[in-house]
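A.B. asks: So I've got this file, model.cif, and it contains mmCIF, C-alpha atoms and all ligand atoms:
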```cif
data_run
#
loop_
_atom_site.label_atom_id
_atom_site.label_comp_id
_atom_site.auth_asym_id
_atom_site.auth_seq_id
_atom_site.Cartn_x
_atom_site.Cartn_y
_atom_site.Cartn_z
CA MET A 604 4.68 71.03 38.61
CA THR A 605 6.20 67.69 37.67
CA GLU A 606 9.06 67.39 35.18
CA PRO A 607 7.77 66.65 31.68
CA LEU A 608 8.76 63.14 30.67
CA THR A 609 10.18 62.45 27.25
CA PRO A 610 7.40 60.50 25.59
CA ARG A 611 8.08 56.76 25.33
CA LEU A 612 5.31 56.23 22.83
CA ALA A 613 4.15 58.56 20.07
CA VAL A 614 0.64 57.80 18.87
CA VAL A 615 0.08 59.04 15.32
CA ILE A 616 -3.56 59.71 14.49
CA PRO A 617 -4.37 60.35 10.82
CA CYS A 618 -7.62 62.23 10.47
CA TYR A 619 -9.77 63.79 7.85
CA ASN A 620 -13.10 65.30 8.90
CA GLU A 621 -12.96 63.77 12.35
CA ALA A 622 -13.64 66.92 14.41
CA ALA A 623 -16.21 65.21 16.60
CA ASN A 624 -13.79 62.38 17.39
CA VAL A 625 -10.77 64.42 18.49
CA ALA A 626 -11.65 65.09 22.14
CA PRO A 627 -13.03 61.56 22.76
CA MET A 628 -9.83 60.17 21.22
CA VAL A 629 -7.63 62.14 23.62
CA ALA A 630 -9.76 61.03 26.58
CA LYS A 631 -9.53 57.39 25.51
CA LEU A 632 -5.74 57.56 25.07
CA ASP A 633 -5.41 59.25 28.44
CA ALA A 634 -7.28 56.38 30.09
CA ALA A 635 -5.59 53.59 28.12
CA LEU A 636 -2.03 54.85 28.50
CA ALA A 637 -2.01 55.64 32.24
CA GLY A 638 1.52 55.10 33.55
CA ILE A 639 3.15 55.42 30.11
CA ALA A 640 4.72 58.68 28.92
CA TRP A 641 3.02 59.34 25.59
CA GLU A 642 2.32 62.00 23.03
CA ALA A 643 -0.39 62.09 20.38
CA ILE A 644 0.17 63.55 16.93
CA PHE A 645 -2.95 64.34 14.94
CA VAL A 646 -2.13 64.55 11.24
CA ASP A 647 -4.92 66.40 9.47
CA ASP A 648 -5.14 67.21 5.76
CA ASN A 649 -6.82 70.58 6.22
CA SER A 650 -10.26 69.06 6.88
CA PRO A 651 -13.08 71.52 6.19
CA ASP A 652 -14.83 70.49 9.43
CA GLY A 653 -12.14 72.06 11.60
CA THR A 654 -10.45 68.89 12.86
CA ALA A 655 -7.09 70.67 13.18
CA GLU A 656 -8.58 73.54 15.18
CA ARG A 657 -10.07 71.06 17.65
CA ALA A 658 -6.73 69.29 18.06
CA LYS A 659 -4.84 72.55 18.48
CA ALA A 660 -7.34 73.82 21.04
CA ILE A 661 -6.54 70.76 23.17
CA ALA A 662 -2.81 71.08 22.43
CA ALA A 663 -2.90 74.62 23.81
CA THR A 664 -3.45 73.26 27.31
CA ASP A 665 -2.04 69.73 27.02
CA PRO A 666 1.62 69.47 25.97
CA ARG A 667 1.18 65.78 25.08
CA ILE A 668 -0.97 66.72 22.11
CA ARG A 669 0.43 67.92 18.79
CA CYS A 670 -1.13 68.56 15.42
CA ILE A 671 0.32 68.57 11.94
CA ARG A 672 -1.94 70.37 9.48
CA ARG A 673 -1.07 69.63 5.85
CA ILE A 674 -2.35 71.84 3.09
CA GLY A 675 -2.79 70.84 -0.55
CA ARG A 676 -2.21 67.15 0.14
CA ARG A 677 -4.39 64.16 0.87
CA GLY A 678 -3.57 60.60 1.77
CA LEU A 679 -3.83 58.27 4.73
CA ALA A 680 -0.49 56.54 4.21
CA SER A 681 1.52 59.72 3.69
CA ALA A 682 -0.18 61.31 6.73
CA CYS A 683 0.94 58.36 8.88
CA VAL A 684 4.48 58.59 7.51
CA GLU A 685 4.72 62.29 8.20
CA GLY A 686 3.45 61.84 11.74
CA MET A 687 5.91 59.05 12.49
CA LEU A 688 8.78 61.07 11.04
CA SER A 689 7.94 64.01 13.27
CA THR A 690 8.66 62.41 16.64
CA ALA A 691 11.72 61.61 18.74
CA ALA A 692 9.92 59.04 20.91
CA PRO A 693 11.56 55.59 20.83
CA TYR A 694 8.28 53.87 19.88
CA VAL A 695 5.63 54.92 17.40
CA ALA A 696 2.07 53.69 16.94
CA VAL A 697 -0.58 54.49 14.34
CA ILE A 698 -4.27 54.43 15.18
CA ASP A 699 -7.32 55.64 13.22
CA GLY A 700 -8.84 58.89 14.41
CA ASP A 701 -12.42 57.64 14.18
CA LEU A 702 -12.31 55.45 17.33
CA GLN A 703 -12.78 52.22 15.34
CA HIS A 704 -9.48 50.81 16.63
CA ASP A 705 -9.33 49.70 20.27
CA GLU A 706 -6.76 51.90 22.01
CA THR A 707 -6.81 49.74 25.16
CA ILE A 708 -4.44 47.24 23.53
CA LEU A 709 -1.74 49.88 22.99
CA PRO A 710 0.08 48.98 26.25
CA ARG A 711 0.24 45.34 25.14
CA MET A 712 1.52 46.36 21.74
CA LEU A 713 4.22 48.46 23.42
CA ALA A 714 5.12 45.62 25.78
CA ALA A 715 5.57 43.21 22.86
CA LEU A 716 8.08 45.66 21.36
CA GLU A 717 9.90 46.46 24.59
CA SER A 718 10.34 42.80 25.49
CA GLY A 719 11.84 42.14 22.08
CA GLU A 720 9.10 39.63 21.27
CA ALA A 721 8.31 41.55 18.09
CA GLU A 722 9.63 44.28 15.82
CA ILE A 723 6.17 45.30 14.83
CA ALA A 724 3.00 44.82 16.86
CA ILE A 725 -0.21 44.71 14.86
CA GLY A 726 -3.73 45.24 16.13
CA SER A 727 -5.45 42.28 14.51
CA ARG A 728 -9.07 41.40 13.83
CA ASN A 729 -8.17 38.00 12.44
CA VAL A 730 -6.43 36.19 15.29
CA GLU A 731 -7.98 34.31 18.19
CA GLY A 732 -9.82 36.82 20.34
CA GLY A 733 -10.14 39.51 17.67
CA THR A 734 -13.14 40.15 15.47
CA LYS A 735 -14.34 42.43 12.75
CA GLY A 736 -17.26 43.34 15.03
CA GLU A 737 -19.98 45.42 13.45
CA GLY A 738 -17.47 47.85 11.97
CA LEU A 739 -17.53 46.53 8.40
CA SER A 740 -20.36 46.14 5.91
CA PRO A 741 -20.59 42.73 4.16
CA ILE A 742 -19.01 44.20 1.03
CA ARG A 743 -16.17 45.83 2.99
CA ARG A 744 -15.65 42.50 4.74
CA MET A 745 -15.24 40.72 1.42
CA VAL A 746 -12.86 43.37 0.14
CA SER A 747 -10.88 43.15 3.38
CA ASP A 748 -10.64 39.33 3.24
CA GLY A 749 -9.76 39.34 -0.46
CA GLY A 750 -7.13 42.01 0.12
CA ALA A 751 -5.64 40.02 3.00
CA ALA A 752 -5.33 36.91 0.83
CA LEU A 753 -3.75 38.93 -1.98
CA ALA A 754 -1.37 40.63 0.44
CA ASN A 755 -0.25 37.32 1.93
CA ALA A 756 0.64 36.11 -1.54
CA VAL A 757 3.33 38.82 -1.76
CA LEU A 758 4.30 39.32 1.90
CA PRO A 759 7.56 37.80 3.21
CA VAL A 760 5.83 37.01 6.51
CA ARG A 761 2.39 35.61 7.25
CA VAL A 762 0.11 38.21 8.77
CA ALA A 763 -3.49 37.38 9.60
CA ASP A 764 -4.60 41.03 9.29
CA PRO A 765 -2.24 42.74 6.84
CA MET A 766 -4.94 45.30 5.96
CA SER A 767 -4.86 46.67 9.50
CA GLY A 768 -4.05 50.32 9.92
CA PHE A 769 -3.34 49.84 13.64
CA PHE A 770 0.24 48.96 14.64
CA ALA A 771 3.31 49.98 16.64
CA MET A 772 7.05 49.69 16.04
CA PRO A 773 10.39 51.09 17.24
CA ARG A 774 10.96 54.50 15.72
CA ALA A 775 14.51 53.64 14.65
CA LEU A 776 13.18 50.73 12.59
CA PHE A 777 10.57 52.94 10.98
CA ASP A 778 13.17 55.60 10.24
CA SER A 779 15.34 53.02 8.48
CA ILE A 780 12.46 51.77 6.30
CA ALA A 781 10.89 55.16 5.58
CA PRO A 782 13.05 56.02 2.52
CA ASN A 783 11.84 52.83 0.76
CA LEU A 784 8.13 53.40 1.27
CA THR A 785 5.72 53.97 -1.57
CA ALA A 786 3.51 55.99 0.82
CA THR A 787 0.50 56.36 -1.44
CA GLY A 788 -2.93 55.05 -0.62
CA PHE A 789 -4.50 53.55 2.44
CA LYS A 790 -2.27 50.63 3.40
CA ILE A 791 0.74 51.93 5.27
CA LEU A 792 1.27 48.74 7.30
CA LEU A 793 1.44 46.65 4.15
CA ASP A 794 3.82 49.17 2.63
CA ILE A 795 6.11 48.92 5.69
CA LEU A 796 6.09 45.11 5.66
CA LEU A 797 6.88 45.07 1.92
CA SER A 798 9.55 47.76 2.13
CA ALA A 799 11.54 46.43 5.08
CA GLY A 800 13.86 44.41 2.84
CA ARG A 801 13.60 41.42 5.16
CA PRO A 802 10.82 39.59 7.03
CA LEU A 803 9.98 41.53 10.20
CA ARG A 804 9.15 39.69 13.41
CA VAL A 805 5.44 40.29 13.88
CA ALA A 806 3.15 39.97 16.90
CA GLU A 807 -0.58 40.23 16.30
CA ILE A 808 -2.67 41.44 19.19
CA PRO A 809 -6.39 40.77 18.97
CA TYR A 810 -9.02 43.49 19.16
CA THR A 811 -12.58 44.08 18.04
CA PHE A 812 -13.09 46.58 15.25
CA ARG A 813 -15.68 49.08 16.49
CA SER A 814 -18.42 50.74 14.48
CA ARG A 815 -17.95 54.32 13.52
CA GLU A 816 -20.00 56.68 15.70
CA ALA A 817 -19.30 60.02 14.05
CA GLY A 818 -18.14 61.12 10.60
CA GLU A 819 -17.85 58.76 7.64
CA SER A 820 -15.37 56.38 6.02
CA LYS A 821 -13.07 57.74 3.31
CA LEU A 822 -12.60 54.41 1.59
CA ASP A 823 -13.82 54.47 -2.00
CA ALA A 824 -13.09 52.85 -5.36
CA THR A 825 -9.92 54.85 -5.95
CA VAL A 826 -8.56 53.59 -2.63
CA LEU A 827 -8.86 50.07 -4.03
CA LEU A 828 -7.04 51.19 -7.17
CA GLU A 829 -4.29 52.59 -5.00
CA PHE A 830 -4.02 49.25 -3.25
CA ALA A 831 -3.45 47.56 -6.61
CA GLY A 832 -0.94 50.31 -7.36
CA LEU A 833 1.01 49.63 -4.16
CA LEU A 834 1.31 45.94 -5.03
CA ALA A 835 2.33 46.79 -8.61
CA ASP A 836 4.96 49.23 -7.38
CA LYS A 837 6.49 46.63 -5.08
CA ALA A 838 6.35 43.98 -7.82
CA LEU A 839 8.27 46.31 -10.15
CA GLY A 840 10.83 47.00 -7.44
CA GLY A 841 9.87 50.70 -7.48
CA MET A 842 11.65 51.21 -10.82
CA VAL A 843 8.73 52.74 -12.70
CA PRO A 844 7.07 55.64 -10.86
CA LEU A 845 3.55 54.64 -9.87
CA ARG A 846 2.18 57.94 -11.07
CA PHE A 847 3.59 57.31 -14.50
CA LEU A 848 1.92 53.90 -14.64
CA ALA A 849 -1.40 55.44 -13.65
CA PHE A 850 -0.93 58.24 -16.16
CA ALA A 851 -0.14 55.77 -18.95
CA LEU A 852 -3.14 53.60 -18.02
CA VAL A 853 -5.42 56.63 -18.07
CA GLY A 854 -3.90 57.47 -21.44
CA GLY A 855 -4.89 54.02 -22.68
CA VAL A 856 -8.45 54.60 -21.51
CA GLY A 857 -8.30 57.94 -23.35
CA VAL A 858 -7.55 56.15 -26.62
CA LEU A 859 -10.68 54.04 -26.16
CA VAL A 860 -12.74 57.12 -25.32
CA HIS A 861 -11.38 58.79 -28.44
CA LEU A 862 -12.34 55.87 -30.68
CA ALA A 863 -15.80 55.62 -29.12
CA ALA A 864 -16.42 59.35 -29.63
CA LEU A 865 -15.14 59.16 -33.20
CA GLY A 866 -17.44 56.23 -33.89
CA LEU A 867 -20.44 58.04 -32.45
CA LEU A 868 -19.79 61.36 -34.17
CA HIS A 869 -18.52 60.16 -37.54
CA GLY A 870 -19.39 56.49 -37.95
CA LEU A 871 -22.94 56.76 -36.67
CA GLY A 872 -23.26 60.53 -36.49
CA PRO A 873 -23.42 63.55 -38.74
CA LEU A 874 -19.86 64.91 -38.56
CA GLY A 875 -17.24 64.65 -41.32
CA PHE A 876 -14.02 62.88 -40.38
CA ASP A 877 -11.94 65.96 -39.58
CA ALA A 878 -14.58 67.63 -37.44
CA ALA A 879 -15.30 64.35 -35.65
CA GLN A 880 -11.59 63.75 -35.11
CA TRP A 881 -11.16 67.19 -33.52
CA SER A 882 -14.21 66.75 -31.31
CA ALA A 883 -13.14 63.26 -30.26
CA THR A 884 -9.70 64.63 -29.35
CA PHE A 885 -11.27 67.17 -27.01
CA VAL A 886 -13.60 64.60 -25.50
CA ALA A 887 -10.67 62.23 -24.86
CA MET A 888 -8.43 64.97 -23.45
CA THR A 889 -11.20 66.12 -21.11
CA ALA A 890 -11.87 62.56 -19.97
CA ASN A 891 -8.14 62.03 -19.39
CA PHE A 892 -7.88 65.25 -17.44
CA LEU A 893 -10.78 64.32 -15.15
CA LEU A 894 -9.52 60.75 -14.63
CA ASN A 895 -6.00 61.95 -13.88
CA ASN A 896 -7.41 64.48 -11.48
CA ARG A 897 -9.30 61.75 -9.62
CA ILE A 898 -6.76 58.94 -9.77
CA THR A 899 -3.23 59.83 -10.84
CA TYR A 900 -3.11 63.12 -8.95
CA ARG A 901 -5.69 62.28 -6.31
CA ASP A 902 -3.46 63.76 -3.61
CA ARG A 903 -3.16 67.04 -5.52
CA ARG A 904 -6.73 67.14 -6.79
CA LEU A 905 -7.76 70.41 -8.42
CA ARG A 906 -11.13 71.93 -7.59
CA GLY A 907 -13.12 75.03 -8.42
CA PRO A 908 -11.34 77.68 -10.48
CA ALA A 909 -8.07 75.74 -10.30
CA LEU A 910 -9.83 72.88 -12.09
CA LEU A 911 -10.67 75.05 -15.08
CA ARG A 912 -7.20 76.57 -15.21
CA GLY A 913 -5.73 73.07 -15.01
CA LEU A 914 -7.93 71.82 -17.84
CA VAL A 915 -6.86 74.64 -20.16
CA LEU A 916 -3.20 74.01 -19.32
CA PHE A 917 -3.71 70.30 -19.88
CA TYR A 918 -5.15 70.95 -23.36
CA LEU A 919 -2.09 73.03 -24.10
CA VAL A 920 0.37 70.43 -22.83
CA CYS A 921 -1.35 67.63 -24.76
CA GLY A 922 -1.55 69.80 -27.86
CA ILE A 923 2.20 70.31 -27.85
CA GLY A 924 2.59 66.59 -27.12
CA ALA A 925 0.47 65.72 -30.15
CA VAL A 926 2.46 68.01 -32.45
CA ALA A 927 5.68 66.43 -31.18
CA ASN A 928 4.20 62.98 -31.69
CA VAL A 929 3.30 63.61 -35.33
CA GLY A 930 6.60 65.42 -35.95
CA ILE A 931 8.88 62.74 -34.50
CA ALA A 932 7.02 59.88 -36.14
CA GLY A 933 7.10 61.73 -39.48
CA LEU A 934 10.82 62.42 -39.22
CA LEU A 935 11.68 58.83 -38.34
CA LEU A 936 9.52 57.55 -41.16
CA ARG A 937 10.78 60.04 -43.78
CA ASP A 938 14.39 59.12 -43.16
CA GLY A 939 13.38 55.55 -43.74
CA VAL A 940 15.13 54.49 -40.53
CA VAL A 941 12.19 52.53 -39.19
CA SER A 942 8.86 51.06 -40.20
CA TRP A 943 5.65 53.09 -39.70
CA GLY A 944 4.68 50.90 -36.75
CA LEU A 945 7.89 51.63 -34.92
CA ALA A 946 7.78 55.32 -35.86
CA GLY A 947 4.24 55.59 -34.49
CA THR A 948 5.16 53.80 -31.27
CA ALA A 949 8.18 56.03 -30.71
CA GLY A 950 6.05 59.12 -31.28
CA ALA A 951 3.34 57.93 -28.90
CA LEU A 952 5.88 56.98 -26.22
CA LEU A 953 7.56 60.36 -26.44
CA THR A 954 4.17 62.02 -26.12
CA VAL A 955 3.21 60.09 -22.98
CA VAL A 956 6.53 60.92 -21.33
CA TRP A 957 6.23 64.59 -22.32
CA ASN A 958 2.59 64.85 -21.19
CA TYR A 959 3.45 63.16 -17.92
CA ALA A 960 6.54 65.19 -17.16
CA VAL A 961 4.96 68.53 -17.92
CA SER A 962 1.55 67.91 -16.40
CA SER A 963 3.02 66.63 -13.15
CA THR A 964 5.09 69.78 -12.77
CA LEU A 965 2.76 72.41 -14.28
CA VAL A 966 -0.84 71.19 -14.19
CA TRP A 967 -0.79 69.27 -10.92
CA ARG A 968 2.01 71.10 -9.19
CA PRO A 969 3.66 69.17 -6.33
N1 LIG B 1001 -4.76 62.85 7.21
C1 LIG B 1001 -5.57 62.03 6.53
N2 LIG B 1001 -5.65 62.15 5.17
N3 LIG B 1001 -6.32 61.11 7.19
C2 LIG B 1001 -7.15 60.32 6.47
C3 LIG B 1001 -7.26 60.41 5.07
C4 LIG B 1001 -6.47 61.38 4.40
O1 LIG B 1001 -6.50 61.53 3.18
N4 LIG B 1001 -8.16 59.46 4.67
C5 LIG B 1001 -8.58 58.84 5.77
N5 LIG B 1001 -8.00 59.36 6.87
C6 LIG B 1001 -8.18 58.97 8.27
C7 LIG B 1001 -9.63 58.94 8.71
O2 LIG B 1001 -10.06 60.20 9.20
C8 LIG B 1001 -9.61 57.90 9.80
O3 LIG B 1001 -9.19 58.43 11.03
C9 LIG B 1001 -8.56 56.92 9.31
O4 LIG B 1001 -7.73 57.65 8.42
C10 LIG B 1001 -9.17 55.71 8.61
O5 LIG B 1001 -10.00 56.17 7.56
P1 LIG B 1001 -11.49 55.59 7.35
O6 LIG B 1001 -12.04 56.31 6.18
O7 LIG B 1001 -12.24 55.59 8.63
O8 LIG B 1001 -11.09 54.15 6.91
P2 LIG B 1001 -11.81 52.76 7.14
O9 LIG B 1001 -12.52 52.68 8.43
O10 LIG B 1001 -12.57 52.49 5.93
O11 LIG B 1001 -10.49 51.85 7.13
C11 LIG B 1001 -9.75 51.63 8.27
O12 LIG B 1001 -9.88 50.30 8.58
C12 LIG B 1001 -9.20 49.43 7.72
C13 LIG B 1001 -9.45 48.04 8.09
O13 LIG B 1001 -10.60 47.60 7.49
C14 LIG B 1001 -8.28 52.04 8.12
O14 LIG B 1001 -7.63 51.97 9.34
C15 LIG B 1001 -7.51 51.14 7.30
O15 LIG B 1001 -6.11 51.47 7.37
C16 LIG B 1001 -7.74 49.76 7.82
O16 LIG B 1001 -7.03 48.89 7.06
MN MN B 1002 -12.80 54.06 9.89
#
```
Do you think you could lay out the structure here as structure tokens?
Ligand code: GDD
Ligand code: MN

C.D. replies:
Amino acid sequence: MTEPLTPRLAVVIPCYNEAANVAPMVAKLDAALAGIAWEAIFVDDNSPDGTAERAKAIAATDPRIRCIRRIGRRGLASACVEGMLSTAAPYVAVIDGDLQHDETILPRMLAALESGEAEIAIGSRNVEGGTKGEGLSPIRRMVSDGGAALANAVLPVRVADPMSGFFAMPRALFDSIAPNLTATGFKILLDILLSAGRPLRVAEIPYTFRSREAGESKLDATVLLEFAGLLADKALGGMVPLRFLAFALVGGVGVLVHLAALGLLHGLGPLGFDAAQWSATFVAMTANFLLNNRITYRDRRLRGPALLRGLVLFYLVCGIGAVANVGIAGLLLRDGVVSWGLAGTAGALLTVVWNYAVSSTLVWRP
């Protein structure tokens, strides 16, 4: 038996419902990385299709393969971060687990790092020799191009394919940037480039984006929202928690829902004001709960019986928040310290902070 080599390159593979792609992925890495000591780290968010079991079955006989199975959490970016933090290899790479990225350029990415040519090597569809292939629908292509233009407006370096999820970098560099990352959403490369605190030296290595053979894409509308959130977070210098922003925005939508329901039930409908006001409050709270569950706490999403329990708790939290709101505003107003506008604003602000603080610890527990 030969001595095990310390891996030179750790390949982090985020996956969700990619069971059918696990074994082909290992075979492709094995072929592409001949002559390089490597390890592969599958990071799975407890996929129902048994992705983690497949990876662990291979790991049982192949010491180069590892698997991190996360429970109760979802998220491409955070999965990549966790994988990269889990290795001692001097170089780390991230590649999609659905075989859409071309693993055969990994040796060239590694070489660009080892020679010092670059601090981060990016698999790129937008430089000479690379293409988007058949892997993207026309709409996805537009989103991707638009996102790239938007990203370049805020990036300290020009990157032809900043939306890429395929890259490699020295582990020490990643470790130094990791504490500054936002780590929500889909765009971990962009997050790294924006969090480095200085322009990184980039090399873009062309490849052709393949079509997906098995499984399906996890990109949806909320992923786009998260992208906007990442840019907002960086623009604000990370001072306001992103979750709070999302929570407050959802709250704003809730106000509109409330007014619409009130209009329908009282203005146009049969209910008296008080009854309509109560009903509208429940409609708005329910809408807020569902929106928060999908967007604000997407990574902790409640389902099944937990959803119902969460909803009841949320009513309770908001109820207390509403009482506090009315109480504080009334107190401020009674003492004649401030105008009614200011009193109302202070009450509402206090309520949002209260609702946020309590629901993020009790309703959507970390
Ligand atoms: N662990 C984990 N958790 N993995 C996830 C999650 C998650 O919540 N969501 C997606 N993944 C995995 C998928 O299983 C896949 O291996 C990889 O992340 C990319 O997800 P896809 O759903 O296939 O994304 P895509 O093909 O739409 O987007 C890819 O291409 C973009 C370029 O257009 C990603 O690589 C993007 O990062 C890339 O920018
Ligand atoms: Mn994909």

A.B. asks: Could you please extract the residues within 8 Å of ligand MN 1002 (chain B), counting only C-alpha atoms and all ligand atoms, and hand them back as a short mmCIF file (atom, residue, chain, number, x, y, z; two decimals) with C-alpha atoms, in the coordinates of the input?

C.D. replies:
```cif
data_model
loop_
_atom_site.label_atom_id
_atom_site.label_comp_id
_atom_site.auth_asym_id
_atom_site.auth_seq_id
_atom_site.Cartn_x
_atom_site.Cartn_y
_atom_site.Cartn_z
CA ASP A 699 -7.32 55.64 13.22
CA GLY A 700 -8.84 58.89 14.41
CA ASP A 701 -12.42 57.64 14.18
CA LEU A 702 -12.31 55.45 17.33
CA GLN A 703 -12.78 52.22 15.34
CA SER A 814 -18.42 50.74 14.48
CA ARG A 815 -17.95 54.32 13.52
CA GLU A 819 -17.85 58.76 7.64
CA SER A 820 -15.37 56.38 6.02
CA LYS A 821 -13.07 57.74 3.31
#
```

A.B. asks: Applying 12 Å and only C-alpha atoms, which residues near A:Ile723 remain after dropping the ones on its own chain fewer than 6 positions away? List them as an MDAnalysis selection string.

C.D. replies: chainID A and resid 694:697 711:717 760 762 765 769:777 792:793 795:796 799 802:808

A.B. asks: Give the residues close to ligand LIG 1001 (chain B), within 8 Å, counting only C-alpha atoms and all ligand atoms; write them as a ChimeraX atom specification.

C.D. replies: /A:616-621,646-648,673,676-683,698-704,738-739,743-744,747,765-769,789-792,815,819-822,902

A.B. asks: For the point (1.0, 70.0, -18.2) in file coordinates, what residues are within 9 Å, counting only C-alpha atoms? Give the answer as a PyMOL selection string?

C.D. replies: chain A and resi 913+916-921+957-967

A.B. asks: What box, with edges along x, y and z, holds each listed atom of stretch 644-661 of chain A when 5 Å is added on every side, and can you state its centre and edge lengths in Å to one decimal, as AutoDock Vina command-line options?

C.D. replies:
```
--center_x -7.3 --center_y 68.7 --center_z 14.5 --size_x 25.0 --size_y 20.3 --size_z 27.4
```
